[in-house]
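K.L.:
Sharing work09.txt (compact mmCIF, C-alpha atoms) below.
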# COMPACT_ATOMS: atom_id res chain seq x y z
CA MET A 202 -69.39 15.95 -47.42
CA ARG A 203 -71.74 17.69 -49.86
CA PRO A 204 -70.37 20.74 -51.71
CA ARG A 205 -71.59 24.12 -50.55
CA TRP A 206 -73.55 24.67 -53.76
CA SER A 207 -75.78 21.62 -53.08
CA THR A 208 -78.08 23.68 -50.83
CA SER A 209 -79.82 25.85 -53.47
CA SER A 210 -83.08 24.97 -55.15
CA SER A 211 -83.54 24.66 -58.92
CA SER A 212 -85.66 27.83 -58.89
CA ASP A 213 -82.46 29.85 -58.44
CA LEU A 214 -81.34 28.94 -61.98
CA ARG A 215 -82.41 30.47 -65.28
CA ALA A 216 -80.63 27.83 -67.36
CA PRO A 217 -78.71 24.59 -66.80
CA ALA A 218 -75.50 25.37 -64.91
CA GLU A 219 -73.34 23.78 -67.60
CA SER A 220 -74.69 25.91 -70.46
CA GLY A 221 -74.04 29.44 -71.67
CA ARG A 222 -71.87 32.24 -70.41
CA ALA A 223 -72.86 34.95 -67.94
CA LYS A 224 -71.86 38.56 -67.47
CA LEU A 225 -72.47 40.32 -64.15
CA VAL A 226 -72.15 43.98 -63.18
CA LEU A 227 -71.54 44.59 -59.51
CA GLU A 228 -70.63 47.23 -57.00
CA TYR A 229 -68.76 46.84 -53.74
CA ASP A 230 -67.26 48.60 -50.78
CA GLY A 231 -63.60 47.62 -50.98
CA GLY A 232 -62.77 48.65 -47.42
CA PRO A 233 -63.11 45.24 -45.73
CA PHE A 234 -61.34 43.30 -48.48
CA ALA A 235 -57.73 42.51 -49.37
CA GLY A 236 -58.48 43.42 -52.99
CA TRP A 237 -60.27 41.63 -55.80
CA ALA A 238 -58.02 38.61 -56.37
CA GLU A 239 -58.38 35.54 -54.19
CA GLN A 240 -55.60 35.07 -51.64
CA PRO A 241 -55.24 32.19 -49.18
CA GLY A 242 -56.47 33.12 -45.72
CA ARG A 243 -57.67 36.58 -46.78
CA ARG A 244 -61.11 37.97 -47.42
CA THR A 245 -61.40 39.09 -51.04
CA VAL A 246 -64.15 40.27 -53.37
CA ALA A 247 -63.53 37.45 -55.86
CA GLY A 248 -63.60 34.86 -53.10
CA GLU A 249 -66.93 36.06 -51.71
CA LEU A 250 -68.53 36.35 -55.15
CA ARG A 251 -67.32 32.93 -56.28
CA LEU A 252 -68.65 31.24 -53.13
CA ALA A 253 -72.01 32.99 -53.47
CA LEU A 254 -72.37 31.97 -57.10
CA GLU A 255 -71.36 28.38 -56.38
CA THR A 256 -73.91 28.24 -53.58
CA VAL A 257 -76.71 29.44 -55.86
CA LEU A 258 -75.69 27.65 -59.07
CA ARG A 259 -74.59 24.40 -57.38
CA ALA A 260 -71.55 24.21 -59.69
CA PRO A 261 -67.94 25.43 -59.65
CA VAL A 262 -67.38 28.92 -61.09
CA HIS A 263 -64.23 30.44 -62.59
CA LEU A 264 -64.37 34.23 -62.84
CA SER A 265 -62.89 36.61 -65.41
CA VAL A 266 -62.83 40.22 -64.21
CA ALA A 267 -62.50 43.56 -65.98
CA GLY A 268 -60.40 45.25 -63.28
CA ARG A 269 -58.37 43.63 -60.50
CA THR A 270 -58.89 46.30 -57.86
CA ASP A 271 -56.36 46.63 -55.03
CA ARG A 272 -56.97 46.45 -51.28
CA GLY A 273 -59.50 49.07 -50.19
CA VAL A 274 -60.53 50.16 -53.71
CA HIS A 275 -64.28 50.33 -54.35
CA ALA A 276 -66.32 49.58 -57.48
CA LEU A 277 -69.46 51.11 -58.93
CA GLY A 278 -69.49 49.11 -62.15
CA GLN A 279 -67.16 46.12 -61.97
CA VAL A 280 -67.79 43.47 -64.65
CA VAL A 281 -67.19 39.73 -64.35
CA SER A 282 -67.93 36.79 -66.65
CA TYR A 283 -67.95 33.03 -66.26
CA ALA A 284 -69.11 29.89 -68.04
CA GLY A 285 -72.42 28.83 -66.54
CA ALA A 286 -75.99 29.83 -65.83
CA LEU A 287 -77.35 33.21 -64.87
CA PRO A 288 -78.28 33.52 -61.19
CA ARG A 289 -81.37 35.32 -60.04
CA LEU A 290 -80.17 38.61 -58.58
CA ARG A 291 -82.29 38.23 -55.46
CA SER A 292 -80.82 34.80 -54.77
CA VAL A 293 -77.16 35.67 -55.22
CA ASN A 294 -77.48 38.98 -53.35
CA ALA A 295 -79.09 37.17 -50.44
CA VAL A 296 -75.95 35.01 -50.12
CA LEU A 297 -73.39 37.78 -50.69
CA PRO A 298 -72.12 39.89 -47.77
CA GLY A 299 -73.61 43.37 -47.51
CA GLU A 300 -70.51 45.03 -48.96
CA ILE A 301 -71.10 43.44 -52.39
CA SER A 302 -74.15 43.71 -54.65
CA VAL A 303 -74.81 42.31 -58.12
CA LEU A 304 -76.69 44.96 -60.10
CA PHE A 305 -77.25 43.28 -63.44
CA ALA A 306 -76.84 39.91 -65.15
CA GLU A 307 -77.10 38.87 -68.78
CA GLU A 308 -76.16 36.05 -71.12
CA VAL A 309 -73.21 36.75 -73.43
CA PRO A 310 -71.51 34.88 -76.30
CA GLU A 311 -69.35 31.88 -75.41
CA ASP A 312 -66.13 33.73 -76.31
CA PHE A 313 -66.86 36.81 -74.17
CA SER A 314 -64.27 37.68 -71.51
CA ALA A 315 -64.87 40.52 -69.07
CA ARG A 316 -61.15 41.24 -69.09
CA HIS A 317 -60.10 40.79 -72.72
CA ALA A 318 -63.22 42.20 -74.40
CA ALA A 319 -63.04 45.53 -72.54
CA LEU A 320 -62.36 48.55 -74.76
CA SER A 321 -61.80 50.95 -71.87
CA ARG A 322 -62.16 51.33 -68.13
CA SER A 323 -63.16 54.41 -66.15
CA TYR A 324 -62.11 55.30 -62.62
CA LEU A 325 -63.25 57.91 -60.14
CA TYR A 326 -61.20 59.38 -57.29
CA ARG A 327 -62.97 61.44 -54.61
CA VAL A 328 -61.31 64.12 -52.46
CA LEU A 329 -63.07 65.84 -49.57
CA ALA A 330 -61.46 69.30 -49.77
CA ARG A 331 -62.38 71.05 -46.53
CA ARG A 332 -60.84 71.77 -43.16
CA SER A 333 -62.87 69.29 -41.10
CA PRO A 334 -63.24 65.58 -41.89
CA SER A 335 -66.66 64.05 -42.45
CA PRO A 336 -67.77 60.90 -40.64
CA PHE A 337 -69.99 60.16 -43.66
CA GLU A 338 -67.04 60.23 -46.07
CA ARG A 339 -64.74 58.20 -43.85
CA GLY A 340 -63.42 55.37 -46.00
CA ARG A 341 -65.13 56.88 -49.07
CA ALA A 342 -62.97 59.89 -49.94
CA LEU A 343 -59.52 61.28 -49.19
CA HIS A 344 -59.73 64.09 -46.66
CA TRP A 345 -57.60 67.02 -47.90
CA PRO A 346 -57.61 70.04 -45.53
CA HIS A 347 -55.01 72.00 -47.54
CA ALA A 348 -55.46 74.82 -50.05
CA ILE A 349 -56.16 73.66 -53.61
CA ASP A 350 -55.76 75.43 -56.94
CA PHE A 351 -58.62 73.87 -58.90
CA ASP A 352 -57.49 75.37 -62.21
CA ALA A 353 -54.12 73.65 -61.77
CA LEU A 354 -55.89 70.33 -61.25
CA GLN A 355 -57.82 70.81 -64.47
CA ALA A 356 -54.67 71.75 -66.37
CA CYS A 357 -53.02 68.52 -65.21
CA ALA A 358 -56.04 66.49 -66.29
CA THR A 359 -55.98 68.16 -69.71
CA ALA A 360 -52.34 67.14 -70.12
CA LEU A 361 -53.30 63.49 -69.64
CA ALA A 362 -55.32 63.20 -72.85
CA GLY A 363 -53.68 61.04 -75.50
CA THR A 364 -51.01 58.33 -75.36
CA HIS A 365 -48.21 58.70 -72.81
CA ASP A 366 -45.57 56.68 -70.99
CA PHE A 367 -46.80 56.30 -67.40
CA THR A 368 -43.68 54.68 -65.97
CA ALA A 369 -43.52 57.40 -63.29
CA PHE A 370 -46.94 56.43 -61.97
CA THR A 371 -46.54 52.73 -61.23
CA PRO A 372 -44.24 51.00 -58.71
CA THR A 373 -40.70 50.18 -59.83
CA ASP A 374 -41.12 46.51 -58.89
CA THR A 375 -43.88 46.05 -61.45
CA TYR A 376 -45.02 43.13 -63.58
CA HIS A 377 -45.89 45.49 -66.44
CA THR A 378 -43.80 45.32 -69.61
CA ARG A 379 -45.64 48.03 -71.58
CA PHE A 380 -45.97 51.46 -70.02
CA ASP A 381 -47.81 53.39 -72.74
CA ARG A 382 -51.48 53.97 -72.06
CA ARG A 383 -54.06 55.88 -74.10
CA VAL A 384 -56.20 58.25 -72.02
CA LEU A 385 -59.54 58.88 -73.70
CA ALA A 386 -60.88 61.41 -71.20
CA ALA A 387 -59.81 62.98 -67.91
CA GLY A 388 -61.11 65.83 -65.80
CA TRP A 389 -61.94 67.18 -62.35
CA ASP A 390 -65.37 68.24 -61.09
CA GLN A 391 -66.30 70.03 -57.89
CA VAL A 392 -69.49 69.05 -56.08
CA GLY A 393 -69.76 71.11 -52.92
CA ASP A 394 -66.74 70.27 -50.77
CA THR A 395 -65.91 67.20 -52.84
CA LEU A 396 -63.52 67.09 -55.78
CA GLU A 397 -63.96 64.22 -58.22
CA PHE A 398 -61.32 63.09 -60.69
CA ARG A 399 -62.57 60.90 -63.53
CA ILE A 400 -60.37 59.18 -66.07
CA GLU A 401 -61.07 56.76 -68.92
CA ALA A 402 -58.26 54.85 -70.64
CA ASP A 403 -57.68 51.75 -72.72
CA ALA A 404 -55.91 50.15 -69.74
CA PHE A 405 -54.31 51.05 -66.42
CA MET A 406 -51.28 49.97 -64.43
CA ARG A 407 -51.02 49.12 -60.76
CA GLN A 408 -51.49 52.22 -58.56
CA MET A 409 -51.47 54.45 -61.65
CA ASN A 410 -54.63 56.41 -60.82
CA ARG A 411 -53.72 56.88 -57.17
CA THR A 412 -50.24 58.16 -58.02
CA LEU A 413 -51.67 60.51 -60.63
CA VAL A 414 -54.00 61.94 -58.00
CA GLY A 415 -51.25 62.25 -55.39
CA THR A 416 -49.01 64.10 -57.85
CA MET A 417 -51.79 66.38 -59.10
CA LEU A 418 -52.59 67.37 -55.53
CA GLU A 419 -48.95 68.43 -55.15
CA VAL A 420 -49.41 70.66 -58.19
CA ALA A 421 -52.67 72.04 -56.77
CA GLY A 422 -50.85 72.82 -53.52
CA GLY A 423 -48.06 74.73 -55.26
CA ARG A 424 -45.34 72.14 -54.64
CA ARG A 425 -44.70 71.56 -58.34
CA SER A 426 -45.87 73.12 -61.63
CA VAL A 427 -48.22 71.87 -64.31
CA ASP A 428 -45.24 71.74 -66.69
CA ASP A 429 -43.39 69.53 -64.19
CA PHE A 430 -46.39 67.22 -64.11
CA ALA A 431 -46.61 67.05 -67.91
CA ALA A 432 -42.90 66.20 -68.11
CA LEU A 433 -43.56 63.06 -66.05
CA LEU A 434 -45.65 61.65 -68.90
CA THR A 435 -42.58 60.90 -71.02
CA GLY A 436 -41.28 57.88 -69.13
CA ALA A 437 -39.77 59.56 -66.07
CA PRO A 438 -38.76 57.26 -63.17
CA ARG A 439 -41.19 56.54 -60.33
CA SER A 440 -39.07 58.61 -57.94
CA SER A 441 -39.88 61.76 -59.93
CA ALA A 442 -43.64 61.59 -59.31
CA GLY A 443 -45.53 62.31 -56.09
CA LYS A 444 -46.94 60.13 -53.36
CA THR A 445 -49.57 57.49 -54.02
CA ALA A 446 -52.97 58.63 -52.76
CA PRO A 447 -54.78 56.27 -50.36
CA SER A 448 -56.90 53.50 -51.87
CA HIS A 449 -60.17 54.37 -50.13
CA GLY A 450 -60.86 57.34 -52.44
CA LEU A 451 -60.69 55.25 -55.63
CA TYR A 452 -63.61 53.62 -57.44
CA LEU A 453 -63.74 51.50 -60.58
CA ALA A 454 -66.62 53.41 -62.15
CA ALA A 455 -67.42 51.66 -65.43
CA VAL A 456 -66.17 49.32 -68.16
CA ARG A 457 -66.92 49.90 -71.84
CA TYR A 458 -67.30 47.06 -74.37
Rewrite the structure from the file as structure tokens, please.
P.N.:
Amino acid sequence: MRPRWSTSSSSDLRAPAESGRAKLVLEYDGGPFAGWAEQPGRRTVAGELRLALETVLRAPVHLSVAGRTDRGVHALGQVVSYAGALPRLRSVNAVLPGEISVLFAEEVPEDFSARHAALSRSYLYRVLARRSPSPFERGRALHWPHAIDFDALQACATALAGTHDFTAFTPTDTYHTRFDRRVLAAGWDQVGDTLEFRIEADAFMRQMNRTLVGTMLEVAGGRRSVDDFAALLTGAPRSSAGKTAPSHGLYLAAVRY
């Protein structure tokens, strides 16, 4: 049986498949996928991208990724790297499912790793803050029909700047061994009925952003104070923080190198 990648023509390649190292920037709708990482019997972003690249490049591909997004999380600027040739964007996008699109491709040094070379990552969380849901935001933003104190949200975001212990914002059964993270920027914006939380940090932990959002919304709803929120940034247990917001409002926005 011929491998799947034997079907592409040589015109799909910019360089021999065995040479160089490639960096891709892509976006995807995370809704249909069981997350980034490949899992047996499950549809994943990494699995679809790897198969598409192998089809076009006619060679096996091993991906390094900047952010391993969870089930249902979207991406606007995910970055991957691999040893091999650059694909033509038109060719690889023609093979990929419609929920994934490669936006940009470039050659990088042999020692470049999308994961280890990243200086920071930025995430976006979107909240539709109005009484009625929107069919156009379904699966794209958290619908929040409750009253919101926007100034309280901003005060919470201001408290995030700097280095803190985020133990309270990741599951107890975690693989993390270091819980300090350095937040470079954080803030809320309001665009019509939509609230957008943006955060940039040196690294993130599993479910960290979603639990931050869930807890900040409790502050904005008057269920806890800004001071209570700030106190969680000193290594409080997970049980002290709020609920984890749903994954469909979260986007990996950008990666800085």
K.L.:
For the contact check between region 217-317 of chain A and region 405-413 of chain A, emit one row per residue of region 217-317 of chain A within 9 Å, containing the shortest atom pair and the distance in Å rounded to one decimal, counting all atoms listed in the file, chain then rising number order, as CSV.
P.N.:
residue,atom,partner,partner_atom,distance
A:Gly268,CA,A:Phe405,CA,9.0
A:Thr270,CA,A:Arg407,CA,8.8
A:Asp271,CA,A:Gln408,CA,8.2
K.L.:
Quick one: of A:Tyr458, A:Phe234, A:Phe398, A:Phe430, who's nearest to Glu300 (chain A), counting all atoms listed in the file?
P.N.:
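Comparing A:Tyr458, A:Phe234, A:Phe398, A:Phe430 against Glu300 (chain A), the winner is A:Phe234.
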K.L.:
Let me make sure I understand: among A:His263, A:Leu453, A:Ala247, A:Arg383, which one has the smallest atom-to-atom distance to His275 (chain A) if we use all atoms listed in the file?
P.N.:
A:Leu453
K.L.:
Provide the CA of Arg244 (chain A) to CA of Gly299 (chain A) distance in Å, to one decimal place.
P.N.:
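Separating CA of Arg244 (chain A) from CA of Gly299 (chain A) is a distance of 13.6 Å.
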K.L.:
Which is closer to Ala446 (chain A) than all the others in A:Pro310, A:Gly231, A:Gly273, A:Gly278, using all atoms listed in the file?
P.N.:
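Smallest separation from Ala446 (chain A) among the options: A:Gly273.
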K.L.:
CA of Gly285 (chain A) to CA of Val262 (chain A): how many Å, to one decimal?
P.N.:
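Distance reported for this atom pair: 7.4 Å.
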K.L.:
What's the 8 Å shell around Ser292 (chain A), counting all atoms listed in the file, without same-chain residues fewer than 3 positions away, as a VMD selection string?
P.N.:
chain A and resid 213 257 288 to 289 295 to 296
K.L.:
Report as a VMD selection string all protein, DNA and RNA residues lying within 9 Å of Ala455 (chain A), evaluated on all atoms listed in the file, omitting residues in the same chain fewer than 2 positions from it.
P.N.:
chain A and resid 276 to 280 321 to 324 401 453 457
K.L.:
Please determine an axis-aligned box that encloses all atoms of region 344-359 of chain A listed in the file, with 6 Å added on each side, and express its centre and edge lengths in Å to one decimal as JSON.
P.N.:
{"center_x": -56.4, "center_y": 69.8, "center_z": -57.6, "size_x": 18.7, "size_y": 23.3, "size_z": 36.2}
K.L.:
Could you rebuild region 314-343 of chain A with N, CA and C atoms and give it back as a short mmCIF file (atom, residue, chain, number, x, y, z; two decimals), keeping the file's coordinate frame?
P.N.:
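File selection19.cif, as written:
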data_model
loop_
_atom_site.label_atom_id
_atom_site.label_comp_id
_atom_site.auth_asym_id
_atom_site.auth_seq_id
_atom_site.Cartn_x
_atom_site.Cartn_y
_atom_site.Cartn_z
N SER A 314 -65.10 37.61 -72.72
CA SER A 314 -64.27 37.68 -71.51
C SER A 314 -64.37 39.09 -70.95
N ALA A 315 -64.75 39.20 -69.69
CA ALA A 315 -64.87 40.52 -69.07
C ALA A 315 -63.56 41.29 -69.13
N ARG A 316 -62.46 40.58 -69.06
CA ARG A 316 -61.15 41.24 -69.09
C ARG A 316 -60.73 41.59 -70.51
N HIS A 317 -60.71 40.60 -71.40
CA HIS A 317 -60.10 40.79 -72.72
C HIS A 317 -61.01 41.52 -73.70
N ALA A 318 -62.31 41.52 -73.48
CA ALA A 318 -63.22 42.20 -74.40
C ALA A 318 -63.38 43.69 -74.08
N ALA A 319 -62.87 44.14 -72.95
CA ALA A 319 -63.04 45.53 -72.54
C ALA A 319 -62.30 46.48 -73.48
N LEU A 320 -62.98 47.52 -73.93
CA LEU A 320 -62.36 48.55 -74.76
C LEU A 320 -61.74 49.65 -73.91
N SER A 321 -62.35 49.94 -72.78
CA SER A 321 -61.80 50.95 -71.87
C SER A 321 -62.38 50.74 -70.48
N ARG A 322 -61.70 51.33 -69.51
CA ARG A 322 -62.16 51.33 -68.13
C ARG A 322 -62.14 52.76 -67.61
N SER A 323 -63.07 53.07 -66.73
CA SER A 323 -63.16 54.41 -66.15
C SER A 323 -63.05 54.32 -64.64
N TYR A 324 -62.29 55.25 -64.07
CA TYR A 324 -62.11 55.30 -62.62
C TYR A 324 -62.51 56.68 -62.10
N LEU A 325 -62.89 56.69 -60.85
CA LEU A 325 -63.25 57.91 -60.14
C LEU A 325 -62.43 57.98 -58.86
N TYR A 326 -61.87 59.17 -58.58
CA TYR A 326 -61.20 59.38 -57.29
C TYR A 326 -61.85 60.58 -56.62
N ARG A 327 -62.23 60.41 -55.34
CA ARG A 327 -62.97 61.44 -54.61
C ARG A 327 -62.09 62.04 -53.51
N VAL A 328 -62.10 63.37 -53.45
CA VAL A 328 -61.31 64.12 -52.46
C VAL A 328 -62.24 65.05 -51.71
N LEU A 329 -62.31 64.92 -50.40
CA LEU A 329 -63.07 65.84 -49.57
C LEU A 329 -62.16 67.01 -49.22
N ALA A 330 -62.37 68.15 -49.88
CA ALA A 330 -61.46 69.30 -49.77
C ALA A 330 -62.06 70.34 -48.82
N ARG A 331 -61.93 70.09 -47.53
CA ARG A 331 -62.38 71.05 -46.53
C ARG A 331 -61.57 70.85 -45.26
N ARG A 332 -61.67 71.81 -44.36
CA ARG A 332 -60.84 71.77 -43.16
C ARG A 332 -61.17 70.59 -42.25
N SER A 333 -62.45 70.35 -42.04
CA SER A 333 -62.87 69.29 -41.10
C SER A 333 -63.21 68.01 -41.84
N PRO A 334 -62.85 66.86 -41.26
CA PRO A 334 -63.24 65.58 -41.89
C PRO A 334 -64.74 65.35 -41.75
N SER A 335 -65.25 64.41 -42.52
CA SER A 335 -66.66 64.05 -42.45
C SER A 335 -66.79 62.60 -42.04
N PRO A 336 -67.57 62.31 -41.02
CA PRO A 336 -67.77 60.90 -40.64
C PRO A 336 -68.50 60.13 -41.74
N PHE A 337 -69.24 60.83 -42.60
CA PHE A 337 -69.99 60.16 -43.66
C PHE A 337 -69.11 59.84 -44.87
N GLU A 338 -67.97 60.50 -44.97
CA GLU A 338 -67.04 60.23 -46.07
C GLU A 338 -65.85 59.40 -45.61
N ARG A 339 -65.83 59.01 -44.36
CA ARG A 339 -64.74 58.20 -43.85
C ARG A 339 -64.69 56.87 -44.61
N GLY A 340 -63.55 56.58 -45.21
CA GLY A 340 -63.42 55.37 -46.00
C GLY A 340 -64.00 55.48 -47.39
N ARG A 341 -64.50 56.67 -47.76
CA ARG A 341 -65.13 56.88 -49.07
C ARG A 341 -64.42 57.94 -49.89
N ALA A 342 -63.65 58.81 -49.24
CA ALA A 342 -62.97 59.89 -49.94
C ALA A 342 -61.73 60.28 -49.15
N LEU A 343 -60.71 60.77 -49.85
CA LEU A 343 -59.52 61.28 -49.19
C LEU A 343 -59.83 62.64 -48.58
#
